[in-house]
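Worksheet: the structure to be examined is printed underneath.
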Amino acid sequence: AAWLVPWLIYARDAPDGDVVAKLLGEEEDEYCDVVLEEERDVTFLVNSMREDDASLLIERRDLASCMGEGEEEKEDDRNKNEALEEALSVLKAAPWSKLIKSPGVWAMTLAHAANNWGLYNSLSWTPTFYAEQYGLNVKESAFLSVLPSVAGAIGGIVAGSVADKIIVSLNSNLKENDTMDSVSISTNVRKTFQAIALFGPGLCLLTLSSHIPDQPLTAQALLTGTVGLQAFNAAGYGAATQEKAGEKWSGLLYSITSLPGVMFGSLGVYVTGQILDATSQDWSIVWGLTGCINILGALAFVWLYDSKKE
């Protein structure tokens, strides 16, 4: 919460004239005069909206605060049209046929969907589970929900670091006569970590559904294990887009797998509510269904995925 306050106060999409001027130790009017006289272009770091490590790109654009209102609006329109044309050109040039026919892409999509069903339900319904099952108030339910989130953050960092080290180590030890190549190594690593990310939570949730614990701390331990292991997808389908599509199409591929995943996860939240209403709050069915979906997603990924670039 403490970090949210400065974010709400200072966060901007891009530096405006006043901010840039202050950074340079000059008044805004003075700074604008210099810009308009010497160079109308100013360099910004902008978010490309790609979910990978190259999300910040350098872009040169006119400084809006140094223009007249009408000129600024025209420039905005031009930028929007250029962005739309660029987006359409990217979509037209994308290798749609190869992506749609790729078993690896289907594996990523199914794993993403299974993950989101569990993740969205965890975020949406866990506090309600604590409140209804154990009679806890909002504050107590929220407190029990914190530890799984911490475990998830740690799990994602650990998984990514360990997977990278394994891939680098195995690739460095490859010999000419080895039957295994770099693609096979990446494939096996991604399958292993994604299996952990879905089989692990599936087993935790099936254990929880088989017998709802009498103590909330026991349930918290199982749900913490669920979220912590679920985060291992950072080294599974989460890292697979670069290998399957390369730098050019990795963002698009992640979007392709995300859309069905988001829809399926949102459906899961709705279905959970309907199940609870129809069964007089029987959480065993909810956790059991989620556990089964996780296991099916793991089986699909292990069966279909390979790291060969499309």
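Labels for the structure tokens follow display order: chains A, B, ..., residues from 1 in each chain, ligands from 1.
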How close does segment 111-159 of chain A get to segment 280-283 of chain A? List, as a tab-separated table, each residue of segment 111-159 of chain A within 10 Å, its nearest atom pair and the distance in Å to one decimal, counting only C-alpha atoms.
residue	atom	partner	partner_atom	distance
A:Phe129	CA	A:Trp283	CA	7.5
A:Glu132	CA	A:Gln281	CA	8.1
A:Gln133	CA	A:Trp283	CA	8.4
Leaving out segment 202-215 of chain A and any residue of its chain fewer than 4 positions from it, which residues lie within 10 Å of it when counting only C-alpha atoms, given as a PDB file with N, CA and C atoms, in the first residue's frame?
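Okay, this is what ended up in out-v6.pdb:
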ATOM      1  N   GLY A 118      -7.249 -21.967 -12.390  1.00  0.00           N
ATOM      2  CA  GLY A 118      -6.860 -22.047 -10.989  1.00  0.00           C
ATOM      3  C   GLY A 118      -6.492 -20.710 -10.401  1.00  0.00           C
ATOM      4  N   GLN A 133     -16.084 -21.202   5.204  1.00  0.00           N
ATOM      5  CA  GLN A 133     -15.722 -22.501   5.751  1.00  0.00           C
ATOM      6  C   GLN A 133     -15.309 -22.413   7.214  1.00  0.00           C
ATOM      7  N   TYR A 134     -14.650 -21.308   7.580  1.00  0.00           N
ATOM      8  CA  TYR A 134     -14.089 -21.192   8.933  1.00  0.00           C
ATOM      9  C   TYR A 134     -14.646 -20.014   9.726  1.00  0.00           C
ATOM     10  N   ILE A 196       5.441 -29.412 -13.170  1.00  0.00           N
ATOM     11  CA  ILE A 196       5.433 -29.020 -11.753  1.00  0.00           C
ATOM     12  C   ILE A 196       4.371 -27.954 -11.506  1.00  0.00           C
ATOM     13  N   ALA A 197       4.254 -27.004 -12.467  1.00  0.00           N
ATOM     14  CA  ALA A 197       3.335 -25.877 -12.298  1.00  0.00           C
ATOM     15  C   ALA A 197       1.868 -26.272 -12.361  1.00  0.00           C
ATOM     16  N   LEU A 198       1.556 -27.442 -12.914  1.00  0.00           N
ATOM     17  CA  LEU A 198       0.160 -27.865 -13.001  1.00  0.00           C
ATOM     18  C   LEU A 198      -0.123 -29.152 -12.234  1.00  0.00           C
ATOM     19  N   ALA A 219      -5.530 -25.621   5.568  1.00  0.00           N
ATOM     20  CA  ALA A 219      -6.014 -25.249   4.231  1.00  0.00           C
ATOM     21  C   ALA A 219      -5.089 -24.208   3.604  1.00  0.00           C
ATOM     22  N   GLN A 220      -4.620 -23.272   4.420  1.00  0.00           N
ATOM     23  CA  GLN A 220      -3.704 -22.244   3.911  1.00  0.00           C
ATOM     24  C   GLN A 220      -2.413 -22.878   3.383  1.00  0.00           C
ATOM     25  N   ALA A 221      -1.904 -23.884   4.075  1.00  0.00           N
ATOM     26  CA  ALA A 221      -0.677 -24.548   3.638  1.00  0.00           C
ATOM     27  C   ALA A 221      -0.866 -25.183   2.259  1.00  0.00           C
ATOM     28  N   LEU A 222      -2.010 -25.838   2.057  1.00  0.00           N
ATOM     29  CA  LEU A 222      -2.276 -26.461   0.757  1.00  0.00           C
ATOM     30  C   LEU A 222      -2.466 -25.413  -0.338  1.00  0.00           C
ATOM     31  N   LEU A 223      -3.144 -24.321  -0.022  1.00  0.00           N
ATOM     32  CA  LEU A 223      -3.347 -23.273  -1.015  1.00  0.00           C
ATOM     33  C   LEU A 223      -2.054 -22.511  -1.289  1.00  0.00           C
ATOM     34  N   THR A 224      -1.199 -22.397  -0.285  1.00  0.00           N
ATOM     35  CA  THR A 224       0.113 -21.780  -0.495  1.00  0.00           C
ATOM     36  C   THR A 224       0.957 -22.643  -1.424  1.00  0.00           C
ATOM     37  N   GLY A 225       0.932 -23.951  -1.198  1.00  0.00           N
ATOM     38  CA  GLY A 225       1.632 -24.860  -2.101  1.00  0.00           C
ATOM     39  C   GLY A 225       1.090 -24.776  -3.514  1.00  0.00           C
ATOM     40  N   THR A 226      -0.230 -24.615  -3.631  1.00  0.00           N
ATOM     41  CA  THR A 226      -0.860 -24.494  -4.948  1.00  0.00           C
ATOM     42  C   THR A 226      -0.318 -23.299  -5.716  1.00  0.00           C
ATOM     43  N   VAL A 227      -0.351 -22.130  -5.088  1.00  0.00           N
ATOM     44  CA  VAL A 227       0.077 -20.900  -5.775  1.00  0.00           C
ATOM     45  C   VAL A 227       1.594 -20.885  -5.984  1.00  0.00           C
ATOM     46  N   LEU A 229       3.658 -23.450  -6.395  1.00  0.00           N
ATOM     47  CA  LEU A 229       4.029 -24.355  -7.491  1.00  0.00           C
ATOM     48  C   LEU A 229       3.481 -23.871  -8.830  1.00  0.00           C
ATOM     49  N   GLN A 230       2.322 -23.245  -8.780  1.00  0.00           N
ATOM     50  CA  GLN A 230       1.708 -22.716  -9.999  1.00  0.00           C
ATOM     51  C   GLN A 230       2.622 -21.701 -10.685  1.00  0.00           C
ATOM     52  N   ASP A 282     -20.528 -26.201  -1.362  1.00  0.00           N
ATOM     53  CA  ASP A 282     -19.672 -27.384  -1.265  1.00  0.00           C
ATOM     54  C   ASP A 282     -18.327 -27.095  -1.935  1.00  0.00           C
ATOM     55  N   TRP A 283     -17.338 -26.734  -1.120  1.00  0.00           N
ATOM     56  CA  TRP A 283     -16.032 -26.357  -1.652  1.00  0.00           C
ATOM     57  C   TRP A 283     -15.231 -27.560  -2.147  1.00  0.00           C
ATOM     58  N   SER A 284     -15.591 -28.739  -1.724  1.00  0.00           N
ATOM     59  CA  SER A 284     -14.885 -29.932  -2.199  1.00  0.00           C
ATOM     60  C   SER A 284     -14.999 -30.076  -3.717  1.00  0.00           C
ATOM     61  N   ILE A 285     -16.180 -29.788  -4.248  1.00  0.00           N
ATOM     62  CA  ILE A 285     -16.388 -29.879  -5.693  1.00  0.00           C
ATOM     63  C   ILE A 285     -15.559 -28.823  -6.416  1.00  0.00           C
ATOM     64  N   VAL A 286     -15.536 -27.622  -5.839  1.00  0.00           N
ATOM     65  CA  VAL A 286     -14.787 -26.522  -6.461  1.00  0.00           C
ATOM     66  C   VAL A 286     -13.304 -26.855  -6.574  1.00  0.00           C
ATOM     67  N   TRP A 287     -12.708 -27.269  -5.440  1.00  0.00           N
ATOM     68  CA  TRP A 287     -11.272 -27.556  -5.459  1.00  0.00           C
ATOM     69  C   TRP A 287     -10.958 -28.815  -6.264  1.00  0.00           C
ATOM     70  N   GLY A 288     -11.863 -29.787  -6.228  1.00  0.00           N
ATOM     71  CA  GLY A 288     -11.644 -31.003  -7.003  1.00  0.00           C
ATOM     72  C   GLY A 288     -11.671 -30.736  -8.498  1.00  0.00           C
ATOM     73  N   LEU A 289     -12.633 -29.929  -8.951  1.00  0.00           N
ATOM     74  CA  LEU A 289     -12.723 -29.592 -10.379  1.00  0.00           C
ATOM     75  C   LEU A 289     -11.480 -28.831 -10.829  1.00  0.00           C
ATOM     76  N   THR A 290     -11.054 -27.867 -10.021  1.00  0.00           N
ATOM     77  CA  THR A 290      -9.869 -27.088 -10.374  1.00  0.00           C
ATOM     78  C   THR A 290      -8.625 -27.970 -10.433  1.00  0.00           C
ATOM     79  N   GLY A 291      -8.510 -28.897  -9.493  1.00  0.00           N
ATOM     80  CA  GLY A 291      -7.379 -29.813  -9.493  1.00  0.00           C
ATOM     81  C   GLY A 291      -7.357 -30.688 -10.735  1.00  0.00           C
ATOM     82  N   CYS A 292      -8.513 -31.179 -11.151  1.00  0.00           N
ATOM     83  CA  CYS A 292      -8.591 -32.016 -12.355  1.00  0.00           C
ATOM     84  C   CYS A 292      -8.230 -31.229 -13.615  1.00  0.00           C
ATOM     85  N   ILE A 293      -8.679 -29.980 -13.692  1.00  0.00           N
ATOM     86  CA  ILE A 293      -8.351 -29.142 -14.846  1.00  0.00           C
ATOM     87  C   ILE A 293      -6.848 -28.894 -14.912  1.00  0.00           C
ATOM     88  N   ASN A 294      -6.218 -28.670 -13.763  1.00  0.00           N
ATOM     89  CA  ASN A 294      -4.767 -28.493 -13.737  1.00  0.00           C
ATOM     90  C   ASN A 294      -4.042 -29.727 -14.274  1.00  0.00           C
ATOM     91  N   ILE A 295      -4.487 -30.884 -13.850  1.00  0.00           N
ATOM     92  CA  ILE A 295      -3.826 -32.125 -14.285  1.00  0.00           C
ATOM     93  C   ILE A 295      -4.030 -32.357 -15.779  1.00  0.00           C
ATOM     94  N   LEU A 296      -5.219 -32.075 -16.283  1.00  0.00           N
ATOM     95  CA  LEU A 296      -5.459 -32.205 -17.727  1.00  0.00           C
ATOM     96  C   LEU A 296      -4.574 -31.239 -18.520  1.00  0.00           C
ATOM     97  N   GLY A 297      -4.423 -30.024 -18.003  1.00  0.00           N
ATOM     98  CA  GLY A 297      -3.557 -29.053 -18.671  1.00  0.00           C
ATOM     99  C   GLY A 297      -2.105 -29.507 -18.687  1.00  0.00           C
ATOM    100  N   ALA A 298      -1.660 -30.119 -17.584  1.00  0.00           N
ATOM    101  CA  ALA A 298      -0.289 -30.632 -17.512  1.00  0.00           C
ATOM    102  C   ALA A 298      -0.081 -31.760 -18.518  1.00  0.00           C
TER     103      ALA A 298
END
Would you mind listing, for every residue of segment 191-291 of chain A within 10 Å of segment 84-101 of chain A, the two atoms forming the shortest contact and the distance between them in Å to one decimal, using only C-alpha atoms, sorted by chain and ascending residue number, as JSON lines?
{"residue": "A:Lys244", "atom": "CA", "partner": "A:Leu99", "partner_atom": "CA", "distance": 9.1}
{"residue": "A:Ala245", "atom": "CA", "partner": "A:Leu99", "partner_atom": "CA", "distance": 8.6}
{"residue": "A:Lys248", "atom": "CA", "partner": "A:Ala94", "partner_atom": "CA", "distance": 9.4}
{"residue": "A:Trp249", "atom": "CA", "partner": "A:Ala94", "partner_atom": "CA", "distance": 7.4}
{"residue": "A:Leu252", "atom": "CA", "partner": "A:Ala94", "partner_atom": "CA", "distance": 8.4}
{"residue": "A:Leu253", "atom": "CA", "partner": "A:Leu99", "partner_atom": "CA", "distance": 7.9}
{"residue": "A:Ile256", "atom": "CA", "partner": "A:Leu99", "partner_atom": "CA", "distance": 9.1}
For the residues in that selection, give me N, CA and C atoms as a compact mmCIF listing (two decimals), in the first residue's frame.
# COMPACT_ATOMS: atom_id res chain seq x y z
N LYS A 244 9.57 -20.59 -29.31
CA LYS A 244 8.68 -21.02 -30.39
C LYS A 244 8.58 -20.00 -31.51
N ALA A 245 8.58 -18.71 -31.15
CA ALA A 245 8.29 -17.69 -32.15
C ALA A 245 9.44 -16.71 -32.39
N LYS A 248 10.68 -11.63 -32.86
CA LYS A 248 9.72 -10.87 -33.66
C LYS A 248 8.28 -11.19 -33.31
N TRP A 249 7.97 -12.47 -33.10
CA TRP A 249 6.57 -12.86 -32.93
C TRP A 249 6.25 -13.34 -31.52
N LEU A 252 3.22 -11.54 -29.98
CA LEU A 252 1.97 -11.98 -30.61
C LEU A 252 1.57 -13.37 -30.14
N LEU A 253 2.55 -14.27 -30.06
CA LEU A 253 2.25 -15.63 -29.62
C LEU A 253 1.72 -15.64 -28.20
N ILE A 256 -1.81 -14.68 -28.32
CA ILE A 256 -2.67 -15.74 -28.85
C ILE A 256 -3.02 -16.75 -27.76
Exercise for the section: Using DSSP on the backbone coordinates, identify the residues of segment 122-219 of chain A assigned to alpha helix (DSSP H); present them as a PyMOL selection string. Expected result: chain A and resi 122-134+138-172+182-210+216-219
Handout entry: 12 Å contact set for Thr128 of chain A, only C-alpha atoms, chain neighbours under 4 positions out, as a list in words
Key = Asn121, Ser122, Leu123, Ser124, Glu132, Gln133, Tyr134, Gly135, Leu136, Asn137, Val138, Lys139, Glu140, Ser141, Ala142, Leu144, Ser145, Thr272, Gly273, Leu276, Gln281 and Trp283 of chain A
For the selection just defined, write its residues with N, CA, C and O atoms to a file, as a PDB file, in the first residue's frame.
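As a result, result35.pdb now contains:
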ATOM      1  N   ASN A 121      -9.607 -18.363  -9.921  1.00  0.00           N
ATOM      2  CA  ASN A 121     -10.432 -18.843  -8.812  1.00  0.00           C
ATOM      3  C   ASN A 121      -9.763 -18.577  -7.469  1.00  0.00           C
ATOM      4  O   ASN A 121     -10.428 -18.234  -6.489  1.00  0.00           O
ATOM      5  N   SER A 122      -8.452 -18.750  -7.434  1.00  0.00           N
ATOM      6  CA  SER A 122      -7.717 -18.493  -6.199  1.00  0.00           C
ATOM      7  C   SER A 122      -7.842 -17.030  -5.787  1.00  0.00           C
ATOM      8  O   SER A 122      -8.123 -16.718  -4.620  1.00  0.00           O
ATOM      9  N   LEU A 123      -7.654 -16.131  -6.734  1.00  0.00           N
ATOM     10  CA  LEU A 123      -7.738 -14.701  -6.434  1.00  0.00           C
ATOM     11  C   LEU A 123      -9.153 -14.285  -6.053  1.00  0.00           C
ATOM     12  O   LEU A 123      -9.346 -13.441  -5.176  1.00  0.00           O
ATOM     13  N   SER A 124     -10.133 -14.880  -6.713  1.00  0.00           N
ATOM     14  CA  SER A 124     -11.527 -14.435  -6.529  1.00  0.00           C
ATOM     15  C   SER A 124     -12.228 -15.090  -5.346  1.00  0.00           C
ATOM     16  O   SER A 124     -13.039 -14.436  -4.667  1.00  0.00           O
ATOM     17  N   GLU A 132     -16.474 -18.478   4.660  1.00  0.00           N
ATOM     18  CA  GLU A 132     -17.624 -19.375   4.764  1.00  0.00           C
ATOM     19  C   GLU A 132     -17.276 -20.691   5.454  1.00  0.00           C
ATOM     20  O   GLU A 132     -18.083 -21.235   6.200  1.00  0.00           O
ATOM     21  N   GLN A 133     -16.084 -21.202   5.204  1.00  0.00           N
ATOM     22  CA  GLN A 133     -15.722 -22.501   5.751  1.00  0.00           C
ATOM     23  C   GLN A 133     -15.309 -22.413   7.214  1.00  0.00           C
ATOM     24  O   GLN A 133     -15.581 -23.324   8.010  1.00  0.00           O
ATOM     25  N   TYR A 134     -14.650 -21.308   7.580  1.00  0.00           N
ATOM     26  CA  TYR A 134     -14.089 -21.192   8.933  1.00  0.00           C
ATOM     27  C   TYR A 134     -14.646 -20.014   9.726  1.00  0.00           C
ATOM     28  O   TYR A 134     -14.216 -19.769  10.856  1.00  0.00           O
ATOM     29  N   GLY A 135     -15.574 -19.275   9.146  1.00  0.00           N
ATOM     30  CA  GLY A 135     -16.197 -18.169   9.854  1.00  0.00           C
ATOM     31  C   GLY A 135     -15.263 -17.010  10.128  1.00  0.00           C
ATOM     32  O   GLY A 135     -15.469 -16.265  11.099  1.00  0.00           O
ATOM     33  N   LEU A 136     -14.252 -16.814   9.295  1.00  0.00           N
ATOM     34  CA  LEU A 136     -13.304 -15.721   9.501  1.00  0.00           C
ATOM     35  C   LEU A 136     -13.858 -14.429   8.928  1.00  0.00           C
ATOM     36  O   LEU A 136     -14.637 -14.430   7.976  1.00  0.00           O
ATOM     37  N   ASN A 137     -13.450 -13.310   9.534  1.00  0.00           N
ATOM     38  CA  ASN A 137     -13.873 -12.023   8.995  1.00  0.00           C
ATOM     39  C   ASN A 137     -12.983 -11.621   7.822  1.00  0.00           C
ATOM     40  O   ASN A 137     -12.043 -12.325   7.463  1.00  0.00           O
ATOM     41  N   VAL A 138     -13.274 -10.473   7.236  1.00  0.00           N
ATOM     42  CA  VAL A 138     -12.548 -10.040   6.034  1.00  0.00           C
ATOM     43  C   VAL A 138     -11.064  -9.862   6.322  1.00  0.00           C
ATOM     44  O   VAL A 138     -10.203 -10.266   5.536  1.00  0.00           O
ATOM     45  N   LYS A 139     -10.747  -9.262   7.460  1.00  0.00           N
ATOM     46  CA  LYS A 139      -9.353  -9.008   7.805  1.00  0.00           C
ATOM     47  C   LYS A 139      -8.587 -10.319   7.965  1.00  0.00           C
ATOM     48  O   LYS A 139      -7.473 -10.484   7.444  1.00  0.00           O
ATOM     49  N   GLU A 140      -9.174 -11.264   8.661  1.00  0.00           N
ATOM     50  CA  GLU A 140      -8.512 -12.560   8.882  1.00  0.00           C
ATOM     51  C   GLU A 140      -8.371 -13.344   7.578  1.00  0.00           C
ATOM     52  O   GLU A 140      -7.339 -13.977   7.317  1.00  0.00           O
ATOM     53  N   SER A 141      -9.399 -13.285   6.733  1.00  0.00           N
ATOM     54  CA  SER A 141      -9.341 -13.975   5.443  1.00  0.00           C
ATOM     55  C   SER A 141      -8.259 -13.380   4.558  1.00  0.00           C
ATOM     56  O   SER A 141      -7.513 -14.100   3.885  1.00  0.00           O
ATOM     57  N   ALA A 142      -8.175 -12.056   4.564  1.00  0.00           N
ATOM     58  CA  ALA A 142      -7.160 -11.388   3.754  1.00  0.00           C
ATOM     59  C   ALA A 142      -5.753 -11.745   4.236  1.00  0.00           C
ATOM     60  O   ALA A 142      -4.840 -11.950   3.430  1.00  0.00           O
ATOM     61  N   LEU A 144      -4.761 -14.515   5.659  1.00  0.00           N
ATOM     62  CA  LEU A 144      -4.435 -15.876   5.233  1.00  0.00           C
ATOM     63  C   LEU A 144      -4.165 -15.949   3.726  1.00  0.00           C
ATOM     64  O   LEU A 144      -3.508 -16.881   3.259  1.00  0.00           O
ATOM     65  N   SER A 145      -4.666 -14.969   2.984  1.00  0.00           N
ATOM     66  CA  SER A 145      -4.483 -14.970   1.535  1.00  0.00           C
ATOM     67  C   SER A 145      -3.150 -14.366   1.107  1.00  0.00           C
ATOM     68  O   SER A 145      -2.782 -14.450  -0.068  1.00  0.00           O
ATOM     69  N   THR A 272     -17.548 -21.435 -10.767  1.00  0.00           N
ATOM     70  CA  THR A 272     -17.377 -21.685  -9.325  1.00  0.00           C
ATOM     71  C   THR A 272     -18.536 -21.108  -8.534  1.00  0.00           C
ATOM     72  O   THR A 272     -19.071 -21.759  -7.629  1.00  0.00           O
ATOM     73  N   GLY A 273     -18.947 -19.897  -8.878  1.00  0.00           N
ATOM     74  CA  GLY A 273     -20.099 -19.301  -8.192  1.00  0.00           C
ATOM     75  C   GLY A 273     -21.362 -20.111  -8.381  1.00  0.00           C
ATOM     76  O   GLY A 273     -22.142 -20.313  -7.436  1.00  0.00           O
ATOM     77  N   LEU A 276     -21.173 -23.322  -6.246  1.00  0.00           N
ATOM     78  CA  LEU A 276     -21.400 -23.042  -4.821  1.00  0.00           C
ATOM     79  C   LEU A 276     -22.876 -22.787  -4.545  1.00  0.00           C
ATOM     80  O   LEU A 276     -23.411 -23.237  -3.515  1.00  0.00           O
ATOM     81  N   GLN A 281     -22.740 -24.354  -1.048  1.00  0.00           N
ATOM     82  CA  GLN A 281     -21.354 -24.018  -0.680  1.00  0.00           C
ATOM     83  C   GLN A 281     -20.484 -25.259  -0.449  1.00  0.00           C
ATOM     84  O   GLN A 281     -19.749 -25.333   0.538  1.00  0.00           O
ATOM     85  N   TRP A 283     -17.338 -26.734  -1.120  1.00  0.00           N
ATOM     86  CA  TRP A 283     -16.032 -26.357  -1.652  1.00  0.00           C
ATOM     87  C   TRP A 283     -15.231 -27.560  -2.147  1.00  0.00           C
ATOM     88  O   TRP A 283     -14.293 -27.407  -2.928  1.00  0.00           O
TER      89      TRP A 283
END
Practice task
Write out as number ranges by chain which residues come within 12 Å of Ala107 of chain A when counting only C-alpha atoms, dropping same-chain ones fewer than 2 positions away.
Solution key: A: 99-105, 109-114, 187, 190-191, 194-195, 236-238, 240-241, 244, 257, 261, 296-307
Atoms kept (N, CA, C and O atoms) for selection, written as a short mmCIF file (atom, residue, chain, number, x, y, z; two decimals), in the first residue's frame:
data_model
loop_
_atom_site.label_atom_id
_atom_site.label_comp_id
_atom_site.auth_asym_id
_atom_site.auth_seq_id
_atom_site.Cartn_x
_atom_site.Cartn_y
_atom_site.Cartn_z
N LEU A 99 1.30 -21.04 -36.77
CA LEU A 99 0.99 -20.95 -35.34
C LEU A 99 -0.23 -21.80 -34.99
O LEU A 99 -0.25 -22.51 -33.99
N ILE A 100 -1.26 -21.70 -35.83
CA ILE A 100 -2.50 -22.42 -35.54
C ILE A 100 -2.30 -23.94 -35.64
O ILE A 100 -2.89 -24.71 -34.88
N LYS A 101 -1.47 -24.37 -36.59
CA LYS A 101 -1.25 -25.80 -36.80
C LYS A 101 -0.20 -26.39 -35.86
O LYS A 101 -0.04 -27.62 -35.82
N SER A 102 0.48 -25.57 -35.11
CA SER A 102 1.57 -26.04 -34.25
C SER A 102 1.06 -26.73 -32.98
O SER A 102 0.33 -26.11 -32.20
N PRO A 103 1.41 -27.98 -32.75
CA PRO A 103 1.03 -28.65 -31.49
C PRO A 103 1.60 -27.94 -30.27
O PRO A 103 0.97 -27.90 -29.22
N GLY A 104 2.81 -27.36 -30.43
CA GLY A 104 3.42 -26.64 -29.31
C GLY A 104 2.62 -25.43 -28.90
O GLY A 104 2.48 -25.13 -27.70
N VAL A 105 2.06 -24.71 -29.86
CA VAL A 105 1.22 -23.55 -29.56
C VAL A 105 -0.05 -23.98 -28.85
O VAL A 105 -0.51 -23.34 -27.90
N THR A 109 -1.36 -22.95 -25.14
CA THR A 109 -2.70 -22.39 -24.96
C THR A 109 -3.48 -23.17 -23.90
O THR A 109 -4.12 -22.58 -23.02
N LEU A 110 -3.42 -24.49 -23.97
CA LEU A 110 -4.15 -25.32 -23.01
C LEU A 110 -3.57 -25.19 -21.60
O LEU A 110 -4.32 -25.12 -20.61
N ALA A 111 -2.24 -25.14 -21.51
CA ALA A 111 -1.61 -24.97 -20.19
C ALA A 111 -1.94 -23.60 -19.61
O ALA A 111 -2.20 -23.47 -18.41
N HIS A 112 -1.94 -22.59 -20.46
CA HIS A 112 -2.27 -21.23 -20.02
C HIS A 112 -3.71 -21.17 -19.51
O HIS A 112 -4.01 -20.55 -18.48
N ALA A 113 -4.61 -21.83 -20.23
CA ALA A 113 -6.01 -21.84 -19.83
C ALA A 113 -6.20 -22.56 -18.50
O ALA A 113 -6.93 -22.09 -17.62
N ALA A 114 -5.55 -23.72 -18.35
CA ALA A 114 -5.66 -24.46 -17.09
C ALA A 114 -5.10 -23.67 -15.93
O ALA A 114 -5.67 -23.63 -14.83
N THR A 187 13.05 -28.28 -24.68
CA THR A 187 11.75 -28.95 -24.61
C THR A 187 11.58 -29.69 -23.29
O THR A 187 10.53 -29.56 -22.62
N ARG A 190 11.23 -27.18 -20.32
CA ARG A 190 9.90 -26.54 -20.29
C ARG A 190 8.82 -27.53 -19.84
O ARG A 190 7.93 -27.19 -19.06
N LYS A 191 8.88 -28.75 -20.34
CA LYS A 191 7.90 -29.76 -19.94
C LYS A 191 8.00 -30.06 -18.44
O LYS A 191 6.97 -30.19 -17.76
N GLN A 194 6.69 -26.97 -16.43
CA GLN A 194 5.25 -26.80 -16.58
C GLN A 194 4.48 -27.93 -15.92
O GLN A 194 3.38 -27.72 -15.39
N ALA A 195 5.05 -29.12 -15.92
CA ALA A 195 4.42 -30.24 -15.21
C ALA A 195 4.35 -29.94 -13.72
O ALA A 195 3.32 -30.20 -13.06
N GLY A 236 7.83 -22.50 -17.79
CA GLY A 236 7.12 -23.40 -18.68
C GLY A 236 6.61 -22.62 -19.88
O GLY A 236 7.39 -22.09 -20.66
N TYR A 237 5.28 -22.52 -20.02
CA TYR A 237 4.74 -21.80 -21.18
C TYR A 237 5.09 -20.32 -21.14
O TYR A 237 5.15 -19.65 -22.18
N GLY A 238 5.35 -19.78 -19.95
CA GLY A 238 5.67 -18.36 -19.83
C GLY A 238 6.95 -17.99 -20.54
O GLY A 238 7.10 -16.87 -21.03
N ALA A 240 8.23 -20.00 -23.03
CA ALA A 240 8.29 -20.76 -24.28
C ALA A 240 8.05 -19.92 -25.52
O ALA A 240 8.41 -20.33 -26.63
N THR A 241 7.47 -18.74 -25.36
CA THR A 241 7.14 -17.93 -26.54
C THR A 241 8.39 -17.52 -27.32
O THR A 241 8.38 -17.49 -28.54
N LYS A 244 9.57 -20.59 -29.31
CA LYS A 244 8.68 -21.02 -30.39
C LYS A 244 8.58 -20.00 -31.51
O LYS A 244 8.47 -20.36 -32.68
N THR A 257 -2.02 -17.09 -26.92
CA THR A 257 -2.31 -18.05 -25.85
C THR A 257 -3.03 -17.39 -24.68
O THR A 257 -3.73 -18.08 -23.92
N GLY A 261 -6.92 -18.16 -22.58
CA GLY A 261 -6.65 -18.37 -21.16
C GLY A 261 -7.45 -17.42 -20.28
O GLY A 261 -8.00 -17.83 -19.26
N LEU A 296 -5.22 -32.08 -16.28
CA LEU A 296 -5.46 -32.20 -17.73
C LEU A 296 -4.57 -31.24 -18.52
O LEU A 296 -4.04 -31.59 -19.58
N GLY A 297 -4.42 -30.02 -18.00
CA GLY A 297 -3.56 -29.05 -18.67
C GLY A 297 -2.11 -29.51 -18.69
O GLY A 297 -1.39 -29.33 -19.69
N ALA A 298 -1.66 -30.12 -17.58
CA ALA A 298 -0.29 -30.63 -17.51
C ALA A 298 -0.08 -31.76 -18.52
O ALA A 298 0.94 -31.81 -19.22
N LEU A 299 -1.03 -32.67 -18.60
CA LEU A 299 -0.92 -33.79 -19.54
C LEU A 299 -0.86 -33.29 -20.98
O LEU A 299 -0.08 -33.80 -21.80
N ALA A 300 -1.68 -32.29 -21.29
CA ALA A 300 -1.69 -31.74 -22.65
C ALA A 300 -0.35 -31.12 -23.00
O ALA A 300 0.18 -31.31 -24.10
N PHE A 301 0.23 -30.37 -22.06
CA PHE A 301 1.50 -29.71 -22.34
C PHE A 301 2.62 -30.74 -22.52
O PHE A 301 3.43 -30.64 -23.44
N VAL A 302 2.68 -31.70 -21.62
CA VAL A 302 3.74 -32.71 -21.70
C VAL A 302 3.62 -33.52 -22.99
O VAL A 302 4.63 -33.91 -23.59
N TRP A 303 2.42 -33.76 -23.44
CA TRP A 303 2.19 -34.56 -24.63
C TRP A 303 2.49 -33.78 -25.92
O TRP A 303 3.10 -34.29 -26.85
N LEU A 304 2.09 -32.50 -25.98
CA LEU A 304 2.11 -31.76 -27.23
C LEU A 304 3.32 -30.85 -27.43
O LEU A 304 3.71 -30.56 -28.57
N TYR A 305 3.93 -30.39 -26.36
CA TYR A 305 4.89 -29.29 -26.50
C TYR A 305 6.25 -29.73 -27.03
O TYR A 305 6.76 -30.79 -26.69
N ASP A 306 6.81 -28.87 -27.87
CA ASP A 306 8.23 -28.97 -28.22
C ASP A 306 8.74 -27.55 -28.46
O ASP A 306 7.96 -26.64 -28.78
N SER A 307 10.04 -27.34 -28.27
CA SER A 307 10.62 -25.99 -28.34
C SER A 307 11.10 -25.62 -29.73
O SER A 307 11.73 -24.56 -29.89
#
Problem - Atom-to-atom span, atom CA of Ser266 of chain A and atom CA of Leu147 of chain A, Å - result: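 Atom-to-atom, atom CA of Ser266 of chain A to atom CA of Leu147 of chain A, that is 23.3 Å.
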